[in-house]
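Participant: As input, take structure26.pdb (PDB, C-alpha atoms and all ligand atoms):
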```
ATOM      1  CA  MET A1233      27.530  64.837 -53.272
ATOM      2  CA  PHE A1234      26.616  63.041 -50.083
ATOM      3  CA  ILE A1235      25.579  64.557 -46.756
ATOM      4  CA  ALA A1236      25.290  61.961 -43.998
ATOM      5  CA  ALA A1237      24.209  62.461 -40.387
ATOM      6  CA  ASN A1238      25.482  60.053 -37.750
ATOM      7  CA  TRP A1239      23.368  60.672 -34.671
ATOM      8  CA  LYS A1240      25.299  58.057 -32.638
ATOM      9  CA  MET A1241      23.499  57.421 -29.288
ATOM     10  CA  ASN A1242      21.671  60.745 -29.335
ATOM     11  CA  LEU A1243      18.152  62.113 -29.874
ATOM     12  CA  ASP A1244      15.107  60.447 -28.305
ATOM     13  CA  LYS A1245      11.640  60.054 -29.810
ATOM     14  CA  LYS A1246      10.506  63.542 -28.852
ATOM     15  CA  SER A1247      13.639  65.212 -30.275
ATOM     16  CA  ILE A1248      13.354  63.189 -33.472
ATOM     17  CA  LEU A1249       9.769  64.349 -33.947
ATOM     18  CA  GLU A1250      10.876  67.981 -33.516
ATOM     19  CA  PHE A1251      13.806  67.471 -35.898
ATOM     20  CA  THR A1252      11.565  66.040 -38.614
ATOM     21  CA  LYS A1253       9.172  69.006 -38.370
ATOM     22  CA  SER A1254      12.034  71.196 -39.630
ATOM     23  CA  LEU A1255      12.808  68.704 -42.385
ATOM     24  CA  GLN A1256       9.195  68.780 -43.581
ATOM     25  CA  LYS A1257       9.383  72.558 -44.084
ATOM     26  CA  PHE A1258      12.617  72.361 -46.084
ATOM     27  CA  LYS A1259      13.020  72.160 -49.856
ATOM     28  CA  PHE A1260      15.445  69.343 -50.703
ATOM     29  CA  SER A1261      17.517  69.098 -53.873
ATOM     30  CA  ASN A1262      17.495  66.094 -56.201
ATOM     31  CA  HIS A1263      21.244  66.358 -56.649
ATOM     32  CA  ILE A1264      22.320  65.626 -53.099
ATOM     33  CA  ASN A1265      22.227  62.205 -51.460
ATOM     34  CA  THR A1266      21.309  62.420 -47.808
ATOM     35  CA  CYS A1267      21.182  59.747 -45.171
ATOM     36  CA  ILE A1268      20.445  59.868 -41.453
ATOM     37  CA  PHE A1269      21.824  57.194 -39.133
ATOM     38  CA  PRO A1270      19.535  57.299 -36.087
ATOM     39  CA  PRO A1271      19.764  55.081 -32.998
ATOM     40  CA  LEU A1272      18.658  51.555 -33.855
ATOM     41  CA  THR A1273      15.429  51.708 -31.849
ATOM     42  CA  TYR A1274      14.149  54.713 -33.796
ATOM     43  CA  ILE A1275      14.883  53.577 -37.341
ATOM     44  CA  ASP A1276      11.302  52.549 -37.977
ATOM     45  CA  TYR A1277       9.917  55.652 -36.257
ATOM     46  CA  LEU A1278      12.094  58.015 -38.293
ATOM     47  CA  HIS A1279      11.406  56.067 -41.472
ATOM     48  CA  ASN A1280       7.671  56.605 -41.048
ATOM     49  CA  LEU A1281       8.080  60.298 -40.288
ATOM     50  CA  ILE A1282      10.156  61.092 -43.391
ATOM     51  CA  LYS A1283       8.857  58.569 -45.923
ATOM     52  CA  ASN A1284       7.826  61.446 -48.212
ATOM     53  CA  LEU A1285      11.289  63.076 -48.203
ATOM     54  CA  PRO A1286      14.360  62.271 -50.336
ATOM     55  CA  ILE A1287      16.335  61.190 -47.265
ATOM     56  CA  SER A1288      17.646  57.678 -46.780
ATOM     57  CA  ILE A1289      18.036  55.939 -43.458
ATOM     58  CA  GLY A1290      20.923  53.821 -42.290
ATOM     59  CA  GLY A1291      21.991  51.618 -39.411
ATOM     60  CA  GLN A1292      25.045  52.498 -37.333
ATOM     61  CA  ASN A1293      26.378  48.934 -37.444
ATOM     62  CA  CYS A1294      25.427  45.359 -38.287
ATOM     63  CA  HIS A1295      26.679  41.889 -37.426
ATOM     64  CA  PHE A1296      28.682  39.665 -39.760
ATOM     65  CA  LYS A1297      26.132  36.876 -39.415
ATOM     66  CA  SER A1298      22.649  37.267 -40.822
ATOM     67  CA  PHE A1299      20.890  35.606 -37.868
ATOM     68  CA  GLY A1300      21.617  33.442 -34.860
ATOM     69  CA  ALA A1301      22.416  33.454 -31.162
ATOM     70  CA  PHE A1302      23.996  36.904 -30.940
ATOM     71  CA  THR A1303      22.252  38.717 -28.115
ATOM     72  CA  GLY A1304      22.177  42.467 -28.566
ATOM     73  CA  GLU A1305      23.424  42.417 -32.156
ATOM     74  CA  VAL A1306      21.605  43.528 -35.299
ATOM     75  CA  SER A1307      21.324  41.713 -38.608
ATOM     76  CA  ALA A1308      21.930  43.476 -41.931
ATOM     77  CA  ASN A1309      18.758  41.768 -43.176
ATOM     78  CA  PHE A1310      16.737  43.320 -40.367
ATOM     79  CA  LEU A1311      18.107  46.770 -41.169
ATOM     80  CA  LYS A1312      17.109  46.285 -44.782
ATOM     81  CA  ASP A1313      13.697  45.049 -43.668
ATOM     82  CA  THR A1314      13.011  48.175 -41.590
ATOM     83  CA  GLY A1315      13.749  50.465 -44.512
ATOM     84  CA  CYS A1316      17.500  51.086 -44.231
ATOM     85  CA  GLU A1317      19.416  51.702 -47.412
ATOM     86  CA  TYR A1318      22.817  52.237 -45.798
ATOM     87  CA  VAL A1319      24.900  51.022 -42.895
ATOM     88  CA  LEU A1320      27.989  52.458 -41.213
ATOM     89  CA  ILE A1321      30.713  49.885 -40.708
ATOM     90  CA  GLY A1322      33.955  50.241 -38.799
ATOM     91  CA  HIS A1323      33.295  53.557 -37.073
ATOM     92  CA  SER A1324      36.270  54.304 -34.825
ATOM     93  CA  GLU A1325      34.020  54.432 -31.761
ATOM     94  CA  ARG A1326      33.101  50.795 -32.417
ATOM     95  CA  ARG A1327      36.678  49.862 -33.257
ATOM     96  CA  ILE A1328      37.870  51.325 -29.953
ATOM     97  CA  LEU A1329      34.960  50.778 -27.557
ATOM     98  CA  ASN A1330      33.737  47.445 -28.936
ATOM     99  CA  ASN A1331      37.118  46.055 -29.981
ATOM    100  CA  GLU A1332      36.100  45.577 -33.610
ATOM    101  CA  ASN A1333      39.166  44.656 -35.639
ATOM    102  CA  ASN A1334      39.783  44.935 -39.383
ATOM    103  CA  ALA A1335      38.976  41.275 -40.101
ATOM    104  CA  GLU A1336      35.632  41.553 -38.329
ATOM    105  CA  ILE A1337      34.856  44.848 -40.009
ATOM    106  CA  LYS A1338      35.609  43.363 -43.412
ATOM    107  CA  SER A1339      33.239  40.534 -42.663
ATOM    108  CA  ARG A1340      30.489  42.908 -41.438
ATOM    109  CA  ALA A1341      30.828  45.011 -44.585
ATOM    110  CA  GLU A1342      30.709  41.926 -46.792
ATOM    111  CA  THR A1343      27.543  40.647 -45.126
ATOM    112  CA  ALA A1344      25.895  44.075 -45.339
ATOM    113  CA  ILE A1345      26.607  44.323 -49.063
ATOM    114  CA  ASN A1346      25.298  40.802 -49.594
ATOM    115  CA  SER A1347      22.105  41.959 -47.863
ATOM    116  CA  SER A1348      21.818  44.776 -50.437
ATOM    117  CA  LEU A1349      22.798  47.532 -48.043
ATOM    118  CA  LYS A1350      25.159  50.271 -49.162
ATOM    119  CA  VAL A1351      28.108  50.437 -46.793
ATOM    120  CA  ILE A1352      29.879  53.506 -45.537
ATOM    121  CA  LEU A1353      33.168  51.991 -44.441
ATOM    122  CA  CYS A1354      34.893  54.220 -41.873
ATOM    123  CA  ILE A1355      38.658  54.488 -41.592
ATOM    124  CA  GLY A1356      40.913  56.926 -39.786
ATOM    125  CA  GLU A1357      44.264  57.281 -38.048
ATOM    126  CA  ASN A1358      44.995  58.346 -34.472
ATOM    127  CA  LEU A1359      46.885  61.467 -33.476
ATOM    128  CA  ALA A1360      50.195  59.705 -32.811
ATOM    129  CA  ASP A1361      50.272  58.276 -36.345
ATOM    130  CA  ARG A1362      49.370  61.649 -37.815
ATOM    131  CA  LYS A1363      52.079  63.411 -35.806
ATOM    132  CA  GLU A1364      54.717  60.853 -36.788
ATOM    133  CA  GLY A1365      53.894  61.264 -40.473
ATOM    134  CA  LYS A1366      52.507  57.727 -40.693
ATOM    135  CA  ALA A1367      48.873  58.587 -41.447
ATOM    136  CA  VAL A1368      48.875  57.748 -45.154
ATOM    137  CA  ASP A1369      50.591  54.371 -44.629
ATOM    138  CA  TYR A1370      48.308  53.558 -41.718
ATOM    139  CA  ILE A1371      45.200  54.248 -43.801
ATOM    140  CA  GLU A1372      46.520  52.212 -46.710
ATOM    141  CA  LYS A1373      47.004  49.197 -44.453
ATOM    142  CA  GLN A1374      43.651  49.687 -42.751
ATOM    143  CA  LEU A1375      41.915  49.865 -46.108
ATOM    144  CA  ASN A1376      43.712  46.785 -47.413
ATOM    145  CA  ASP A1377      42.759  44.877 -44.266
ATOM    146  CA  CYS A1378      39.088  45.789 -44.082
ATOM    147  CA  LEU A1379      37.882  46.282 -47.639
ATOM    148  CA  PRO A1380      35.699  43.328 -48.697
ATOM    149  CA  ASN A1381      35.997  41.944 -52.231
ATOM    150  CA  ASN A1382      32.321  42.581 -52.966
ATOM    151  CA  PHE A1383      32.619  46.326 -52.223
ATOM    152  CA  HIS A1384      30.181  48.005 -54.576
ATOM    153  CA  ASN A1385      27.500  50.682 -54.354
ATOM    154  CA  SER A1386      29.366  51.775 -51.247
ATOM    155  CA  PHE A1387      31.490  54.577 -49.823
ATOM    156  CA  ILE A1388      34.521  55.246 -47.687
ATOM    157  CA  ALA A1389      34.387  57.774 -44.857
ATOM    158  CA  TYR A1390      37.781  59.142 -43.866
ATOM    159  CA  GLU A1391      37.417  60.125 -40.221
ATOM    160  CA  PRO A1392      40.678  60.882 -38.396
ATOM    161  CA  ILE A1393      40.077  59.723 -34.816
ATOM    162  CA  TRP A1394      41.679  62.845 -33.382
ATOM    163  CA  SER A1395      39.220  65.010 -35.267
ATOM    164  CA  ILE A1396      36.011  63.367 -34.052
ATOM    165  CA  GLY A1397      34.197  65.567 -31.566
ATOM    166  CA  THR A1398      37.277  67.694 -30.911
ATOM    167  CA  GLY A1399      36.739  70.717 -33.150
ATOM    168  CA  LYS A1400      40.115  69.994 -34.767
ATOM    169  CA  ILE A1401      40.311  69.143 -38.443
ATOM    170  CA  PRO A1402      43.236  68.251 -40.704
ATOM    171  CA  SER A1403      44.465  70.944 -43.067
ATOM    172  CA  SER A1404      42.921  71.100 -46.549
ATOM    173  CA  PHE A1405      46.167  69.711 -47.903
ATOM    174  CA  GLU A1406      46.083  66.752 -45.513
ATOM    175  CA  ILE A1407      42.465  65.945 -46.392
ATOM    176  CA  GLN A1408      43.139  66.219 -50.118
ATOM    177  CA  GLU A1409      46.270  64.092 -49.870
ATOM    178  CA  MET A1410      44.421  61.380 -47.943
ATOM    179  CA  HIS A1411      41.291  61.326 -50.106
ATOM    180  CA  THR A1412      43.373  61.210 -53.284
ATOM    181  CA  HIS A1413      45.421  58.355 -51.890
ATOM    182  CA  ILE A1414      42.321  56.416 -50.802
ATOM    183  CA  LYS A1415      40.732  56.807 -54.240
ATOM    184  CA  LYS A1416      43.947  55.660 -55.900
ATOM    185  CA  ILE A1417      44.094  52.497 -53.772
ATOM    186  CA  LEU A1418      40.437  51.751 -54.435
ATOM    187  CA  TYR A1419      40.787  52.310 -58.148
ATOM    188  CA  LYS A1420      43.704  49.916 -58.273
ATOM    189  CA  LYS A1421      41.801  47.266 -56.331
ATOM    190  CA  LEU A1422      38.313  47.636 -57.777
ATOM    191  CA  ASN A1423      38.881  49.388 -61.068
ATOM    192  CA  LYS A1424      36.235  51.976 -60.274
ATOM    193  CA  ASN A1425      35.923  55.364 -58.715
ATOM    194  CA  ILE A1426      34.618  55.188 -55.139
ATOM    195  CA  ASN A1427      33.272  58.252 -53.374
ATOM    196  CA  VAL A1428      35.106  59.299 -50.239
ATOM    197  CA  LEU A1429      33.390  61.312 -47.500
ATOM    198  CA  TYR A1430      35.186  63.359 -44.871
ATOM    199  CA  GLY A1431      34.106  63.108 -41.225
ATOM    200  CA  GLY A1432      35.399  64.760 -38.038
ATOM    201  CA  SER A1433      34.198  68.065 -36.546
ATOM    202  CA  VAL A1434      32.342  69.130 -39.676
ATOM    203  CA  ASN A1435      30.194  72.135 -38.868
ATOM    204  CA  VAL A1436      28.399  75.114 -40.398
ATOM    205  CA  LYS A1437      31.574  77.213 -40.262
ATOM    206  CA  ASN A1438      34.002  74.826 -41.967
ATOM    207  CA  ILE A1439      31.675  73.064 -44.427
ATOM    208  CA  ASN A1440      32.433  75.396 -47.362
ATOM    209  CA  ASP A1441      36.184  74.948 -46.998
ATOM    210  CA  ILE A1442      35.838  71.175 -46.701
ATOM    211  CA  LEU A1443      33.608  70.856 -49.765
ATOM    212  CA  ASP A1444      36.091  72.927 -51.764
ATOM    213  CA  ILE A1445      38.789  70.284 -51.282
ATOM    214  CA  THR A1446      39.521  68.119 -54.323
ATOM    215  CA  ASN A1447      38.298  64.520 -53.958
ATOM    216  CA  VAL A1448      35.930  65.256 -51.080
ATOM    217  CA  ASP A1449      32.637  63.770 -52.268
ATOM    218  CA  GLY A1450      30.603  64.624 -49.197
ATOM    219  CA  VAL A1451      30.655  64.622 -45.417
ATOM    220  CA  LEU A1452      29.702  62.402 -42.495
ATOM    221  CA  VAL A1453      28.535  64.726 -39.735
ATOM    222  CA  GLY A1454      28.253  63.835 -36.055
ATOM    223  CA  GLY A1455      27.614  66.571 -33.469
ATOM    224  CA  ALA A1456      26.463  69.249 -35.910
ATOM    225  CA  SER A1457      23.814  66.904 -37.336
ATOM    226  CA  LEU A1458      21.932  66.726 -34.041
ATOM    227  CA  ASN A1459      20.456  70.129 -34.577
ATOM    228  CA  ALA A1460      18.104  70.438 -37.574
ATOM    229  CA  LYS A1461      19.091  74.040 -38.221
ATOM    230  CA  ASP A1462      22.812  73.199 -38.471
ATOM    231  CA  PHE A1463      22.210  70.030 -40.421
ATOM    232  CA  LEU A1464      20.096  71.905 -42.977
ATOM    233  CA  ALA A1465      22.669  74.714 -43.165
ATOM    234  CA  ILE A1466      25.337  72.105 -43.992
ATOM    235  CA  TYR A1467      22.995  70.599 -46.555
ATOM    236  CA  SER A1468      22.350  74.040 -48.101
ATOM    237  CA  ALA A1469      26.100  74.668 -48.338
ATOM    238  CA  ALA A1470      26.390  71.435 -50.316
ATOM    239  CA  VAL A1471      23.592  72.500 -52.678
ATOM    240  CA  LYS A1472      25.312  75.837 -53.240
ATOM    241  CA  HIS A1473      28.643  74.140 -53.790
ATOM    242  CA  LEU A1474      27.131  71.830 -56.381
ATOM    243  CA  ASP A1475      25.374  74.686 -58.191
ATOM    244  CA  ILE A1476      28.712  76.446 -58.573
ATOM    245  CA  SER A1477      30.567  73.370 -59.762
ATOM    246  CA  LEU A1478      27.866  72.289 -62.269
TER
HETATM  247  P1  LIG B1501      31.728  64.837 -35.091
HETATM  248  O1  LIG B1501      31.150  65.509 -36.320
HETATM  249  O2  LIG B1501      30.901  65.054 -33.857
HETATM  250  O3  LIG B1501      33.162  65.139 -34.929
HETATM  251  O4  LIG B1501      31.613  63.256 -35.356
HETATM  252  C1  LIG B1501      32.079  62.745 -36.555
HETATM  253  C2  LIG B1501      31.687  61.328 -36.652
HETATM  254  O5  LIG B1501      32.146  60.510 -35.877
HETATM  255  C3  LIG B1501      30.729  60.967 -37.693
HETATM  256  O6  LIG B1501      30.639  59.591 -37.857
END
```
Can you dump the structure from the file as structure tokens?
Ligand code: 13P
Facilitator:
Amino acid sequence: MFIAANWKMNLDKKSILEFTKSLQKFKFSNHINTCIFPPLTYIDYLHNLIKNLPISIGGQNCHFKSFGAFTGEVSANFLKDTGCEYVLIGHSERRILNNENNAEIKSRAETAINSSLKVILCIGENLADRKEGKAVDYIEKQLNDCLPNNFHNSFIAYEPIWSIGTGKIPSSFEIQEMHTHIKKILYKKLNKNINVLYGGSVNVKNINDILDITNVDGVLVGGASLNAKDFLAIYSAAVKHLDISL
């Protein structure tokens, strides 16, 4: 079970310090993997504040080259160097706002894995494709186009674009259908079972229903992870869910 927090471009130094005070009072489970993806500039700061806790840290993106004349970009090696274990690749906000295409995303993921980072590769359809019944085919193509050959120790996050930050989520059937399909494709390609996280408007109210869905191996939380109380409530729901299923 994996609970991941994508803070995007939110939370400054002061808010991060407050957030971590709540984390320090909390009793974490050994059975849940947790990772926070803070803004790039605070990776080191957060890393130092939670070094004693079983929480990993990840970057929100990395470049496909390890170093060079790429002003404003970040190297997978540098993320690794500052204590990151994970990196998000192909988030729809980057695909849309930074024009990242599948080929580039594949190359970023490949470089990250070669730098010993674990990748959370994000995929997701838009509302038009969902409405026209094309979501499953769209995701299959997206996955085929952006999955690097060296994909190991890594995860997929299924994040329908229309669900991010909107409060709308697919039905349990739609999530199950998609996750099952993604796992099937990955098994065929890689001959191993890859964990698939769900992301898009996950919150304290819907977390139990989402975790109950077959083939949901965890969640990637945006908005609701910005508040320590909500984030820890989501985490606690995962612990409870695991206790029941063990
Ligand atoms: P929200 O949880 O705010 O919808 O964001 C999801 C997301 O984009 C996580 O990467």
Participant: Could you tell me how far atom CA of A:Gly1432 sits from atom CA of A:Val1453, in Å to one decimal place?
Facilitator: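 Atom-to-atom, atom CA of A:Val1453 to atom CA of A:Gly1432, that is 7.1 Å.
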Participant: Which residues are near ligand LIG 1501 (chain B) in this structure, taking near to mean any atom at most 9 Å from a ligand atom and counting only C-alpha atoms and all ligand atoms? Format them as a PyMOL selection string.
Facilitator: chain A and resi 1236-1240+1320+1323-1325+1354+1389+1391-1401+1430-1435+1451-1457
Participant: Need the axis-aligned box for stretch 1356-1365 of chain A with 4 Å each side, so what are the centre and edges in Å to one decimal, as lines of an AutoDock Vina configuration file?
Facilitator:
```
center_x = 47.8
center_y = 60.2
center_z = -36.6
size_x = 21.8
size_y = 14.5
size_z = 15.7
```
Participant: One decimal, Å: what's the distance from atom CA of A:Val1306 over to atom CA of A:Ile1426, could you say?
Facilitator: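 About the pair atom CA of A:Val1306 and atom CA of A:Ile1426: they are 26.4 Å apart.
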Participant: Starting from the PyMOL selection byres (((chain A and resi 1415) around 8) and not hetatm), expand the selection into actual residues of this file and give them as a count of residues only.
Facilitator: 12
Participant: Under the PyMOL selection byres (((chain A and resi 1274-1287) around 12) and not hetatm), which residues of this model are included? Write them out as a PyMOL selection string.
Facilitator: chain A and resi 1234-1237+1239-1273+1288-1292+1310-1319+1467
Participant: With C-alpha atoms kept, could you save the residues just selected as a CSV table (one decimal), keeping the file's coordinate frame?
Facilitator:
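That gives us out_13.csv:
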```
chain,number,residue,atom,x,y,z
A,1234,PHE,CA,26.6,63.0,-50.1
A,1235,ILE,CA,25.6,64.6,-46.8
A,1236,ALA,CA,25.3,62.0,-44.0
A,1237,ALA,CA,24.2,62.5,-40.4
A,1239,TRP,CA,23.4,60.7,-34.7
A,1240,LYS,CA,25.3,58.1,-32.6
A,1241,MET,CA,23.5,57.4,-29.3
A,1242,ASN,CA,21.7,60.7,-29.3
A,1243,LEU,CA,18.2,62.1,-29.9
A,1244,ASP,CA,15.1,60.4,-28.3
A,1245,LYS,CA,11.6,60.1,-29.8
A,1246,LYS,CA,10.5,63.5,-28.9
A,1247,SER,CA,13.6,65.2,-30.3
A,1248,ILE,CA,13.4,63.2,-33.5
A,1249,LEU,CA,9.8,64.3,-33.9
A,1250,GLU,CA,10.9,68.0,-33.5
A,1251,PHE,CA,13.8,67.5,-35.9
A,1252,THR,CA,11.6,66.0,-38.6
A,1253,LYS,CA,9.2,69.0,-38.4
A,1254,SER,CA,12.0,71.2,-39.6
A,1255,LEU,CA,12.8,68.7,-42.4
A,1256,GLN,CA,9.2,68.8,-43.6
A,1257,LYS,CA,9.4,72.6,-44.1
A,1258,PHE,CA,12.6,72.4,-46.1
A,1259,LYS,CA,13.0,72.2,-49.9
A,1260,PHE,CA,15.4,69.3,-50.7
A,1261,SER,CA,17.5,69.1,-53.9
A,1262,ASN,CA,17.5,66.1,-56.2
A,1263,HIS,CA,21.2,66.4,-56.6
A,1264,ILE,CA,22.3,65.6,-53.1
A,1265,ASN,CA,22.2,62.2,-51.5
A,1266,THR,CA,21.3,62.4,-47.8
A,1267,CYS,CA,21.2,59.7,-45.2
A,1268,ILE,CA,20.4,59.9,-41.5
A,1269,PHE,CA,21.8,57.2,-39.1
A,1270,PRO,CA,19.5,57.3,-36.1
A,1271,PRO,CA,19.8,55.1,-33.0
A,1272,LEU,CA,18.7,51.6,-33.9
A,1273,THR,CA,15.4,51.7,-31.8
A,1288,SER,CA,17.6,57.7,-46.8
A,1289,ILE,CA,18.0,55.9,-43.5
A,1290,GLY,CA,20.9,53.8,-42.3
A,1291,GLY,CA,22.0,51.6,-39.4
A,1292,GLN,CA,25.0,52.5,-37.3
A,1310,PHE,CA,16.7,43.3,-40.4
A,1311,LEU,CA,18.1,46.8,-41.2
A,1312,LYS,CA,17.1,46.3,-44.8
A,1313,ASP,CA,13.7,45.0,-43.7
A,1314,THR,CA,13.0,48.2,-41.6
A,1315,GLY,CA,13.7,50.5,-44.5
A,1316,CYS,CA,17.5,51.1,-44.2
A,1317,GLU,CA,19.4,51.7,-47.4
A,1318,TYR,CA,22.8,52.2,-45.8
A,1319,VAL,CA,24.9,51.0,-42.9
A,1467,TYR,CA,23.0,70.6,-46.6
```
Participant: Quote the spacing between atom CA of A:Lys1424 and atom CA of A:Asn1447 in Å to one decimal place.
Facilitator: 14.2 Å
Participant: Check what the PyMOL selection byres (((chain A and resi 1403) around 12) and not hetatm) selects in the file above and give those residues as a list in words.
Facilitator: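 Selection result, ordered by chain and number: Arg1362, Pro1392, Ser1395, Lys1400, Ile1401, Pro1402, Ser1404, Phe1405, Glu1406, Ile1407, Gln1408, Glu1409, Met1410, Asn1438, Asp1441, Ile1442 and Ile1445 of chain A.
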Participant: Counting only C-alpha atoms, which residues of stretch 1278-1309 of chain A sit at most 12 Å from some atom of stretch 1331-1336 of chain A, and what is each one's closest atom pair with its distance in Å to one decimal, listed by chain and rising residue number, as JSON lines?
Facilitator:
```
{"residue": "A:Asn1293", "atom": "CA", "partner": "A:Glu1332", "partner_atom": "CA", "distance": 11.0}
{"residue": "A:Cys1294", "atom": "CA", "partner": "A:Glu1336", "partner_atom": "CA", "distance": 10.9}
{"residue": "A:His1295", "atom": "CA", "partner": "A:Glu1336", "partner_atom": "CA", "distance": 9.0}
{"residue": "A:Phe1296", "atom": "CA", "partner": "A:Glu1336", "partner_atom": "CA", "distance": 7.3}
{"residue": "A:Lys1297", "atom": "CA", "partner": "A:Glu1336", "partner_atom": "CA", "distance": 10.6}
```
Participant: Skipping near chain neighbours, those fewer than 5 positions away, what residues fall within 10 Å of A:Thr1343 using only C-alpha atoms, listed as a list in words?
Facilitator: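 Non-adjacent residues within range: Cys1294, His1295, Phe1296, Lys1297, Ser1298, Ser1307, Ala1308, Asn1309, Ile1337, Lys1338, Ser1348, Leu1349, Val1351, Pro1380 and Asn1382 of chain A.
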Participant: From the options A:Glu1364, A:Ser1339, A:Ile1439, A:Asn1376, which residue's atoms come nearest to A:Lys1420, counting only C-alpha atoms?
Facilitator: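 Among A:Glu1364, A:Ser1339, A:Ile1439, A:Asn1376, it is A:Asn1376 that comes nearest to A:Lys1420.
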Participant: Which of these, A:Ser1347, A:Gly1300, A:Tyr1390, A:Phe1383, has the shortest distance to A:Val1368 once you count all atoms listed in the file?
Facilitator: A:Tyr1390
